[in-house]
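Q: Take a look at final-v4.cif, mmCIF, C-alpha atoms:
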data_data
loop_
_atom_site.label_atom_id
_atom_site.label_comp_id
_atom_site.auth_asym_id
_atom_site.auth_seq_id
_atom_site.Cartn_x
_atom_site.Cartn_y
_atom_site.Cartn_z
CA MET A 1018 41.71 50.40 -104.23
CA ILE A 1019 44.30 51.90 -106.62
CA ASP A 1020 47.13 49.97 -104.91
CA VAL A 1021 45.74 46.63 -106.13
CA TRP A 1022 46.01 47.72 -109.75
CA ILE A 1023 49.60 48.88 -109.27
CA LEU A 1024 50.45 45.57 -107.60
CA ALA A 1025 48.97 43.64 -110.56
CA VAL A 1026 50.94 45.78 -113.03
CA PHE A 1027 54.10 45.12 -110.99
CA CYS A 1028 53.50 41.32 -111.15
CA LEU A 1029 53.01 41.51 -114.93
CA THR A 1030 56.23 43.51 -115.29
CA VAL A 1031 58.18 40.85 -113.37
CA LEU A 1032 56.67 38.22 -115.69
CA MET A 1033 57.84 40.24 -118.70
CA ALA A 1034 61.38 40.10 -117.32
CA PHE A 1035 61.12 36.30 -117.12
CA ALA A 1036 59.81 36.09 -120.68
CA VAL A 1037 62.81 38.14 -121.82
CA VAL A 1038 65.02 35.34 -120.42
CA ARG A 1039 63.53 33.00 -123.04
CA LEU A 1040 63.92 35.75 -125.65
CA VAL A 1041 67.66 35.82 -124.95
CA LEU A 1042 68.17 32.05 -124.47
CA GLY A 1043 65.77 30.67 -127.10
CA PRO A 1044 67.67 28.19 -129.28
CA THR A 1045 65.71 28.86 -132.49
CA ALA A 1046 64.14 31.93 -134.10
CA PRO A 1047 60.47 30.85 -133.56
CA ASP A 1048 61.22 30.46 -129.84
CA ARG A 1049 62.25 34.09 -129.73
CA VAL A 1050 59.15 35.08 -131.68
CA ILE A 1051 56.78 33.43 -129.22
CA ALA A 1052 58.69 34.97 -126.31
CA LEU A 1053 58.26 38.38 -127.97
CA ASP A 1054 54.58 37.61 -128.51
CA THR A 1055 54.20 36.80 -124.81
CA VAL A 1056 55.88 40.08 -123.87
CA ASN A 1057 53.51 41.93 -126.20
CA THR A 1058 50.45 40.27 -124.66
CA LEU A 1059 51.64 41.16 -121.17
CA VAL A 1060 52.33 44.76 -122.24
CA ILE A 1061 48.77 45.06 -123.57
CA ALA A 1062 47.31 43.57 -120.36
CA SER A 1063 49.31 45.94 -118.16
CA MET A 1064 48.43 48.92 -120.38
CA ILE A 1065 44.73 48.20 -119.80
CA LEU A 1066 45.37 48.08 -116.04
CA LEU A 1067 47.39 51.34 -116.23
CA GLY A 1068 44.35 52.96 -117.83
CA VAL A 1069 42.61 52.48 -114.48
CA VAL A 1070 45.62 53.56 -112.42
CA PHE A 1071 45.98 56.89 -114.23
CA GLN A 1072 42.22 57.24 -114.99
CA GLU A 1073 43.00 57.79 -118.68
CA ILE A 1074 41.02 56.01 -121.41
CA ILE A 1075 43.55 56.94 -124.09
CA ILE A 1076 45.98 54.32 -122.72
CA VAL A 1077 43.45 51.57 -123.49
CA ASP A 1078 43.09 52.91 -127.04
CA VAL A 1079 46.86 52.81 -127.41
CA ALA A 1080 46.77 49.21 -126.13
CA ILE A 1081 44.28 48.24 -128.88
CA VAL A 1082 46.45 49.79 -131.61
CA TYR A 1083 49.59 48.24 -130.12
CA GLY A 1084 47.95 44.82 -130.14
CA LEU A 1085 46.91 45.08 -133.79
CA LEU A 1086 50.37 46.31 -134.85
CA SER A 1087 52.12 43.51 -132.94
CA PHE A 1088 49.75 41.03 -134.63
CA VAL A 1089 50.76 42.29 -138.08
CA SER A 1090 54.46 42.21 -137.21
CA THR A 1091 54.16 38.65 -135.85
CA LEU A 1092 52.44 37.52 -139.06
CA TYR A 1093 55.23 39.01 -141.16
CA ILE A 1094 57.96 37.42 -139.03
CA ALA A 1095 56.11 34.10 -139.38
CA LYS A 1096 56.04 34.53 -143.17
CA TYR A 1097 59.76 35.27 -143.14
CA ILE A 1098 60.53 32.19 -141.04
CA GLY A 1099 58.38 30.00 -143.30
CA GLY A 1100 60.30 31.24 -146.34
CA GLU A 1101 57.31 32.78 -148.13
CA LEU A 1102 58.54 36.36 -148.24
CA MET B 1330 34.63 44.96 -98.83
CA THR B 1331 31.79 45.03 -101.29
CA VAL B 1332 30.77 42.36 -103.77
CA VAL B 1333 32.25 44.35 -106.65
CA GLU B 1334 35.63 44.60 -104.96
CA ILE B 1335 35.69 40.86 -104.29
CA LEU B 1336 34.86 40.25 -107.95
CA ILE B 1337 37.66 42.59 -109.09
CA TYR B 1338 40.20 40.97 -106.75
CA THR B 1339 39.21 37.48 -107.93
CA CYS B 1340 39.57 38.44 -111.60
CA LEU B 1341 42.96 40.08 -111.01
CA VAL B 1342 44.30 37.10 -109.04
CA ILE B 1343 43.10 34.59 -111.65
CA GLY B 1344 44.62 36.73 -114.41
CA VAL B 1345 48.02 37.12 -112.76
CA VAL B 1346 48.17 33.42 -111.78
CA PHE B 1347 47.44 32.20 -115.31
CA ASN B 1348 49.85 34.74 -116.82
CA SER B 1349 52.60 33.45 -114.53
CA LEU B 1350 51.74 29.84 -115.46
CA GLY B 1351 52.11 30.80 -119.11
CA VAL B 1352 55.53 32.37 -118.56
CA LEU B 1353 56.57 29.40 -116.38
CA GLY B 1354 55.58 27.07 -119.21
CA LEU B 1355 57.58 29.21 -121.65
CA LEU B 1356 60.64 28.66 -119.48
CA ARG B 1357 60.09 25.00 -118.55
CA PHE B 1358 58.78 23.11 -121.58
CA PRO B 1359 61.30 21.27 -123.76
CA ASP B 1360 60.48 22.39 -127.32
CA LEU B 1361 58.79 25.07 -129.41
CA TYR B 1362 55.34 23.52 -129.86
CA THR B 1363 54.77 22.66 -126.21
CA ARG B 1364 55.98 26.14 -125.23
CA MET B 1365 53.44 27.54 -127.62
CA HIS B 1366 50.68 25.60 -125.84
CA ALA B 1367 51.59 27.33 -122.60
CA THR B 1368 51.92 30.84 -124.00
CA THR B 1369 48.90 31.02 -126.29
CA LYS B 1370 46.39 29.47 -123.92
CA ALA B 1371 47.52 30.67 -120.53
CA THR B 1372 48.53 34.24 -121.36
CA THR B 1373 45.41 34.81 -123.46
CA PHE B 1374 43.20 33.55 -120.64
CA GLY B 1375 45.07 35.57 -118.02
CA SER B 1376 44.93 38.76 -120.05
CA ILE B 1377 41.20 38.27 -120.67
CA PHE B 1378 40.69 38.05 -116.92
CA THR B 1379 42.77 41.13 -116.06
CA SER B 1380 40.77 43.04 -118.69
CA LEU B 1381 37.56 41.65 -117.19
CA ALA B 1382 38.57 43.19 -113.86
CA VAL B 1383 38.82 46.57 -115.62
CA VAL B 1384 35.41 45.99 -117.25
CA VAL B 1385 33.82 45.21 -113.86
CA TYR B 1386 35.47 48.29 -112.33
CA GLY B 1387 34.29 50.56 -115.16
CA LEU B 1388 30.72 49.26 -115.06
CA SER B 1389 30.46 49.59 -111.27
CA MET B 1390 31.80 53.16 -111.37
CA PHE B 1391 29.41 53.97 -114.24
CA PHE B 1392 26.39 52.76 -112.29
CA SER B 1393 27.41 54.40 -109.02
CA GLN B 1394 28.58 57.78 -110.39
CA ASN B 1395 26.82 57.88 -113.77
CA ALA B 1396 29.88 59.33 -115.55
CA SER B 1397 30.10 58.22 -119.18
CA GLN B 1398 33.91 58.01 -119.21
CA TYR B 1399 33.74 54.86 -117.08
CA LEU B 1400 31.35 53.22 -119.56
CA ASN B 1401 33.87 54.13 -122.23
CA LEU B 1402 36.68 52.54 -120.22
CA ALA B 1403 34.70 49.30 -119.83
CA ILE B 1404 33.82 49.08 -123.54
CA HIS B 1405 37.38 49.78 -124.66
CA ALA B 1406 38.87 47.26 -122.25
CA PHE B 1407 36.40 44.61 -123.45
CA LEU B 1408 37.21 45.35 -127.09
CA ALA B 1409 40.95 45.15 -126.38
CA ALA B 1410 40.50 41.73 -124.74
CA ALA B 1411 38.43 40.47 -127.68
CA PHE B 1412 41.07 41.60 -130.20
CA LEU B 1413 43.78 40.04 -128.04
CA ALA B 1414 42.12 36.60 -127.97
CA PHE B 1415 41.50 36.63 -131.73
CA THR B 1416 44.96 37.84 -132.77
CA ASN B 1417 46.79 35.49 -130.39
CA ALA B 1418 45.06 32.45 -131.87
CA VAL B 1419 45.81 33.47 -135.45
CA SER B 1420 49.44 34.38 -134.83
CA ALA B 1421 50.05 31.13 -132.92
CA HIS B 1422 48.82 29.17 -135.94
CA ALA B 1423 51.02 31.27 -138.25
CA ILE B 1424 54.18 30.73 -136.20
CA ALA B 1425 53.54 26.99 -135.76
CA ARG B 1426 53.01 26.52 -139.49
CA ALA B 1427 56.10 28.57 -140.37
CA ALA B 1428 58.25 26.72 -137.83
CA HIS B 1429 57.18 23.33 -139.16
CA LYS B 1430 57.85 24.51 -142.71
CA SER B 1431 61.32 25.74 -141.78
CA GLY B 1432 62.18 22.26 -140.51
CA ILE B 1433 61.82 22.37 -136.74
CA LYS B 1434 60.58 18.97 -135.60
CA PRO B 1435 58.53 18.43 -132.43
CA MET B 1436 60.76 16.85 -129.78
CA LEU B 1437 59.62 13.67 -127.99
CA ALA B 1438 56.84 13.28 -130.55
CA VAL B 1439 55.24 9.85 -130.78
CA VAL B 1440 53.72 10.59 -134.21
CA ASP B 1441 54.03 13.31 -136.88
CA ARG B 1442 51.33 13.06 -139.56
CA LEU B 1443 52.20 16.44 -141.12
CA GLU B 1444 55.71 15.17 -141.86
CA GLU B 1445 54.23 12.05 -143.48
CA ALA B 1446 51.72 14.02 -145.55
CA LYS B 1447 54.52 16.19 -147.06
CA LEU B 1448 52.51 19.36 -147.71
CA MET C 617 28.54 47.12 -154.27
CA ILE C 618 27.61 44.65 -151.54
CA PRO C 619 31.23 44.33 -150.27
CA PHE C 620 31.44 48.12 -150.02
CA LEU C 621 28.18 48.33 -148.03
CA VAL C 622 29.14 45.50 -145.68
CA THR C 623 32.61 46.91 -144.99
CA THR C 624 31.22 50.41 -144.45
CA GLY C 625 28.60 49.08 -142.07
CA MET C 626 31.15 47.13 -140.04
CA ALA C 627 33.55 50.10 -139.85
CA PHE C 628 30.74 52.44 -138.79
CA LEU C 629 29.60 49.96 -136.11
CA LEU C 630 33.15 49.73 -134.74
CA TYR C 631 33.42 53.52 -134.70
CA LEU C 632 30.11 53.77 -132.83
CA ILE C 633 31.25 51.21 -130.25
CA LEU C 634 34.54 53.03 -129.70
CA THR C 635 32.94 56.45 -129.26
CA ALA C 636 29.92 55.44 -127.14
CA GLY C 637 29.06 57.96 -124.42
CA SER C 638 30.20 61.11 -126.26
CA GLY C 639 26.89 63.01 -126.54
CA SER C 640 23.13 63.12 -126.37
CA ILE C 641 21.74 61.53 -129.58
CA GLY C 642 21.40 58.05 -128.15
CA PHE C 643 24.91 57.79 -126.75
CA TRP C 644 26.63 59.81 -129.46
CA SER C 645 27.14 63.45 -130.41
CA LEU C 646 26.31 64.76 -133.89
CA SER C 647 29.93 65.51 -134.82
CA GLU C 648 31.04 61.97 -133.90
CA LEU C 649 28.24 60.47 -136.01
CA ALA C 650 29.11 62.61 -139.05
CA MET C 651 32.85 61.97 -138.74
CA GLY C 652 32.22 58.24 -138.25
CA ALA C 653 30.09 58.06 -141.40
CA VAL C 654 32.75 59.82 -143.51
CA LEU C 655 35.60 57.70 -142.13
CA ALA C 656 33.59 54.48 -142.52
CA MET C 657 32.91 55.30 -146.18
CA ILE C 658 36.62 55.95 -146.83
CA THR C 659 37.48 52.65 -145.11
CA GLY C 660 34.84 50.83 -147.13
CA LEU C 661 36.18 52.23 -150.41
CA VAL C 662 39.79 51.32 -149.64
CA THR C 663 39.31 47.85 -148.12
CA ARG C 664 36.19 46.51 -149.88
CA LYS C 665 38.18 43.74 -151.56
CA PHE C 666 39.61 42.30 -148.33
CA LEU C 667 36.70 41.62 -145.98
CA CYS C 668 34.38 39.79 -148.38
CA ARG C 669 36.99 37.95 -150.40
CA SER C 670 35.14 34.64 -150.62
CA GLU C 671 31.91 36.27 -151.92
CA SER C 672 29.74 34.53 -149.33
CA TYR C 673 27.52 36.58 -147.08
CA ARG C 674 26.28 33.80 -144.81
CA LEU C 675 27.35 35.51 -141.60
CA LEU C 676 25.02 38.42 -142.33
CA SER C 677 21.91 36.45 -141.39
CA PRO C 678 20.72 37.45 -137.91
CA ILE C 679 20.28 33.88 -136.64
CA ARG C 680 23.92 33.04 -137.36
CA LEU C 681 25.10 36.28 -135.74
CA LEU C 682 23.02 35.51 -132.65
CA LEU C 683 24.46 31.97 -132.53
CA LEU C 684 27.97 33.42 -132.82
CA LEU C 685 27.25 35.77 -129.91
CA VAL C 686 26.07 32.80 -127.83
CA TYR C 687 28.90 30.54 -129.00
CA VAL C 688 31.80 32.71 -127.82
CA PRO C 689 30.80 33.33 -124.17
CA VAL C 690 29.18 29.97 -123.35
CA PRO C 691 30.45 26.74 -125.05
CA PHE C 692 33.76 28.21 -126.16
CA PHE C 693 34.49 29.77 -122.80
CA ILE C 694 33.79 26.48 -120.98
CA GLU C 695 36.36 24.72 -123.17
CA LEU C 696 38.80 27.62 -122.67
CA MET C 697 38.55 27.24 -118.88
CA LYS C 698 39.16 23.51 -119.14
CA ALA C 699 42.11 24.10 -121.47
CA ASN C 700 43.76 26.40 -118.98
CA LEU C 701 43.34 24.04 -116.04
CA ASP C 702 44.86 21.34 -118.27
CA VAL C 703 47.82 23.57 -119.21
CA ALA C 704 48.34 24.46 -115.54
CA TYR C 705 48.54 20.75 -114.68
CA ARG C 706 51.01 20.06 -117.49
CA VAL C 707 53.23 23.04 -116.63
CA ILE C 708 53.56 21.92 -113.02
CA THR C 709 54.02 18.17 -113.60
CA LEU C 710 55.67 18.17 -117.09
CA ASN C 711 53.66 15.05 -117.84
CA ILE C 712 53.53 15.28 -121.65
CA ARG C 713 53.29 12.94 -124.66
CA PRO C 714 53.27 15.21 -127.72
CA GLY C 715 52.70 14.51 -131.39
CA ILE C 716 51.04 15.82 -134.53
CA ILE C 717 47.82 14.10 -135.57
CA ARG C 718 45.52 14.43 -138.56
CA VAL C 719 41.96 15.47 -137.79
CA HIS C 720 39.01 15.14 -140.14
CA SER C 721 36.95 18.32 -139.89
CA GLY C 722 34.08 17.65 -142.30
CA LEU C 723 33.63 21.38 -142.93
CA LYS C 724 33.51 22.84 -146.42
CA THR C 725 33.69 26.63 -146.16
CA ASP C 726 36.78 28.72 -145.43
CA LEU C 727 35.00 30.49 -142.59
CA GLY C 728 34.16 27.18 -140.89
CA ILE C 729 37.74 25.93 -141.14
CA PHE C 730 39.01 29.27 -139.84
CA MET C 731 36.71 29.17 -136.81
CA LEU C 732 37.50 25.52 -136.08
CA ALA C 733 41.26 26.11 -136.29
CA ASN C 734 41.07 29.09 -133.95
CA SER C 735 38.82 27.24 -131.52
CA ILE C 736 41.23 24.29 -131.53
CA THR C 737 44.20 26.54 -130.83
CA LEU C 738 42.56 27.97 -127.71
CA THR C 739 41.06 24.71 -126.36
CA PRO C 740 42.44 21.72 -124.41
CA GLY C 741 45.89 20.45 -125.28
CA THR C 742 45.71 21.16 -129.02
CA LEU C 743 47.35 23.62 -131.41
CA SER C 744 46.61 23.74 -135.12
CA VAL C 745 49.81 23.52 -137.19
CA GLY C 746 48.71 22.97 -140.77
CA ILE C 747 45.79 22.56 -143.15
CA ASP C 748 45.37 20.17 -146.06
CA GLU C 749 43.62 22.54 -148.47
CA GLU C 750 42.17 19.82 -150.70
CA THR C 751 40.38 17.72 -148.09
CA ASN C 752 40.10 20.49 -145.43
CA ASP C 753 41.79 18.24 -142.86
CA LEU C 754 43.65 19.89 -140.00
CA PHE C 755 47.04 18.88 -138.60
CA ILE C 756 47.03 19.36 -134.87
CA HIS C 757 49.85 19.31 -132.36
CA THR C 758 48.50 17.56 -129.28
CA ILE C 759 50.30 17.81 -125.96
CA ASN C 760 49.05 14.53 -124.54
CA ILE C 761 47.99 11.86 -127.03
CA ALA C 762 45.88 9.08 -125.51
CA GLU C 763 47.37 5.56 -125.68
CA GLY C 764 46.62 3.99 -129.08
CA ASP C 765 45.49 7.20 -130.79
CA GLU C 766 48.86 7.59 -132.52
CA LYS C 767 48.16 4.48 -134.62
CA LYS C 768 44.92 5.83 -136.08
CA GLU C 769 45.36 7.38 -139.52
CA ILE C 770 42.70 10.03 -138.99
CA ILE C 771 40.67 11.27 -136.04
CA GLU C 772 37.20 12.82 -136.02
CA SER C 773 37.11 16.43 -134.81
CA THR C 774 34.35 15.68 -132.29
CA GLU C 775 36.72 13.39 -130.36
CA LEU C 776 38.89 16.37 -129.42
CA PHE C 777 36.25 18.09 -127.33
CA ARG C 778 34.99 16.14 -124.36
CA LEU C 779 32.53 18.57 -122.73
CA VAL C 780 30.81 20.50 -125.53
CA ASN C 781 30.41 19.57 -129.18
CA LEU C 782 32.13 22.61 -130.70
CA PRO C 783 32.28 21.34 -134.34
CA ALA C 784 28.48 21.03 -134.40
CA TRP C 785 28.15 24.63 -133.17
CA ILE C 786 30.58 25.81 -135.85
CA ARG C 787 28.70 23.89 -138.53
CA ARG C 788 25.49 25.58 -137.44
CA ILE C 789 27.12 29.03 -137.55
CA ALA C 790 29.25 28.84 -140.67
CA GLU C 791 27.53 26.37 -143.04
#
Give the structure from the file, written as structure tokens.

A:
Amino acid sequence: MIDVWILAVFCLTVLMAFAVVRLVLGPTAPDRVIALDTVNTLVIASMILLGVVFQEIIIVDVAIVYGLLSFVSTLYIAKYIGGEL
Amino acid sequence: MTVVEILIYTCLVIGVVFNSLGVLGLLRFPDLYTRMHATTKATTFGSIFTSLAVVVYGLSMFFSQNASQYLNLAIHAFLAAAFLAFTNAVSAHAIARAAHKSGIKPMLAVVDRLEEAKL
Amino acid sequence: MIPFLVTTGMAFLLYLILTAGSGSIGFWSLSELAMGAVLAMITGLVTRKFLCRSESYRLLSPIRLLLLLVYVPVPFFIELMKANLDVAYRVITLNIRPGIIRVHSGLKTDLGIFMLANSITLTPGTLSVGIDEETNDLFIHTINIAEGDEKKEIIESTELFRLVNLPAWIRRIAE
């Protein structure tokens, strides 16, 4: 049963590596921001799965806080790109 | 295999498939706005489903073993998924607005009313 | 005073949800309840000006809250499913015809516009890019514009959703 969760986390990690390709290539700054946003979403999803793998609830709590912090940072980068800061 | 396990496997497979479609769209689409379609919709949906697998697992363990930590796990995973859906929608709007303000035009566009409105 | 009470109540509710299953009074232990009350009051004092900025307390009525709880898992989730199948098709075939269109929302409150913009971002083939703050019209990037729609000056928001009438639901919740 545990192996399935580890397999899913492995798939998400591979996807993160592919998203980093766009982060490096991305012609404009907003492209890089959405690639970073994708990586953040995948990190949160895999953190929730890791909470089951290690049987620790604290990892899910960390995932919630990580998600809110990445939301704030994305909003500020968006303000910077839009020239309102 | 029990019904619960089948449910968990289905949720995990749907989640991973839609996450990979989102990343594939991020790599394949031609410009920023279409890439954003792929990432916001598909990765949000996929992450909701992987979290749903955790919720199903936690609830089934709670009802079979009656240990409150599994109920806690299910509630926290559900809350994380809800926050994720909400924040992804808002930050996608913020980035799209900022990108259009900073002068990035949608490629291949047949019409651009925001450019005409000059806000 | 009302903003402080509302913010404190919301913070306390969130604390209760996060610590469910810790003890024997209901689901909670006495120390968690006391700590939650103190922390919720501090949060309410610090952030009372942010949550209720528009001075409208419509969403406090129980009918609207119940409608919101029905809206997210049923009509919204149906459209979300359809959106993802649509995106999957577009990613594989790259059959796109993008453009930014102007959509008439017909909503008056900030909360309604906010909910409609977020719903649009997560539903089929559309992504909200900008808002005209005077007329409350939305500018929406559409991935596949139907033939002839690019000539129309303005499009009704109900035309965007084929299966469920989401704008009517939002009007019922927020206005």

Q: Where does the PyMOL selection byres ((chain A and resi 1045) around 12) land in this file, that is, which residues does it pick, as a compact mmCIF listing (two decimals) with C-alpha atoms, keeping the file's coordinate frame?

A:
# COMPACT_ATOMS: atom_id res chain seq x y z
CA ARG A 1039 63.53 33.00 -123.04
CA LEU A 1040 63.92 35.75 -125.65
CA VAL A 1041 67.66 35.82 -124.95
CA LEU A 1042 68.17 32.05 -124.47
CA GLY A 1043 65.77 30.67 -127.10
CA PRO A 1044 67.67 28.19 -129.28
CA ALA A 1046 64.14 31.93 -134.10
CA PRO A 1047 60.47 30.85 -133.56
CA ASP A 1048 61.22 30.46 -129.84
CA ARG A 1049 62.25 34.09 -129.73
CA VAL A 1050 59.15 35.08 -131.68
CA ILE A 1051 56.78 33.43 -129.22
CA ALA A 1052 58.69 34.97 -126.31
CA ILE A 1098 60.53 32.19 -141.04
CA ASP B 1360 60.48 22.39 -127.32
CA LEU B 1361 58.79 25.07 -129.41
CA TYR B 1362 55.34 23.52 -129.86
CA ALA B 1428 58.25 26.72 -137.83
CA SER B 1431 61.32 25.74 -141.78
CA GLY B 1432 62.18 22.26 -140.51
CA ILE B 1433 61.82 22.37 -136.74
CA LYS B 1434 60.58 18.97 -135.60

Q: Distance CA of Tyr673 (chain C)-CA of Gly625 (chain C), one decimal place?

A: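 Distance reported for this atom pair: 13.5 Å.
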
Q: Can you list, as a PyMOL selection string, the residues that the PyMOL selection byres ((chain A and resi 1058-1064) around 7) selects here?

A: (chain A and resi 1026+1029+1033+1054-1057+1065-1068+1076-1077+1080+1084) or (chain B and resi 1376+1379-1380)

Q: Hey, which of B:Val1439, B:Ile1424, B:Met1390, B:Leu1353 ends up closest to Tyr1093 (chain A)? Count all atoms listed in the file.

A: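 Nearest to Tyr1093 (chain A): B:Ile1424.
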
Q: Taking the file as shown, find all residues satisfying the PyMOL selection byres ((chain C) within 6 of (chain B)) and write them as a VMD selection string.

A: chain C and resid 637 700 707 714 to 717 734 738 744 to 746 766

Q: Using all atoms listed in the file, determine which residues of chain A fall within 12 Å of chain C; present them as a list in words.

A: Ile1074, Ile1075, Val1077, Asp1078 and Ile1081 of chain A

Q: What residues have an atom no more than 12 Å from (36.2, 37.4, -121.9) in the file's own frame, counting only C-alpha atoms, and can you write them as a ChimeraX atom specification?

A: /B:1340,1344,1373-1385,1406-1415 /C:688-690,692-694,696-697

Q: Taking all atoms listed in the file into account, name the residue in B:Ile1343, B:Val1333, B:Phe1391, B:Asn1348 that is nearest to chain A.

A: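 Of B:Ile1343, B:Val1333, B:Phe1391, B:Asn1348, the one nearest chain A is B:Asn1348, counting all atoms listed in the file.
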
Q: Find, counting all atoms listed in the file, the residue in B:Leu1341, B:Leu1336, B:Met1330, B:Leu1388 that gets nearest to chain A.

A: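 With all atoms listed in the file as the atom set, the closest residue is B:Leu1341.
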
Q: Enter the distance from CA of Gly741 (chain C) to CA of Lys768 (chain C), in Å, rounded to one decimal.

A: 18.2 Å

Q: Between CA of Ala733 (chain C) and CA of Glu695 (chain C), measure the distance and give it in Å to one decimal.

A: 14.1 Å

Q: Go through A:Leu1024, A:Val1037, A:Ala1095, A:Val1079 and flag the residue nearest chain B, using only C-alpha atoms for the distances.

A: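 Residue with the minimum atom-to-atom distance to chain B: A:Ala1095.
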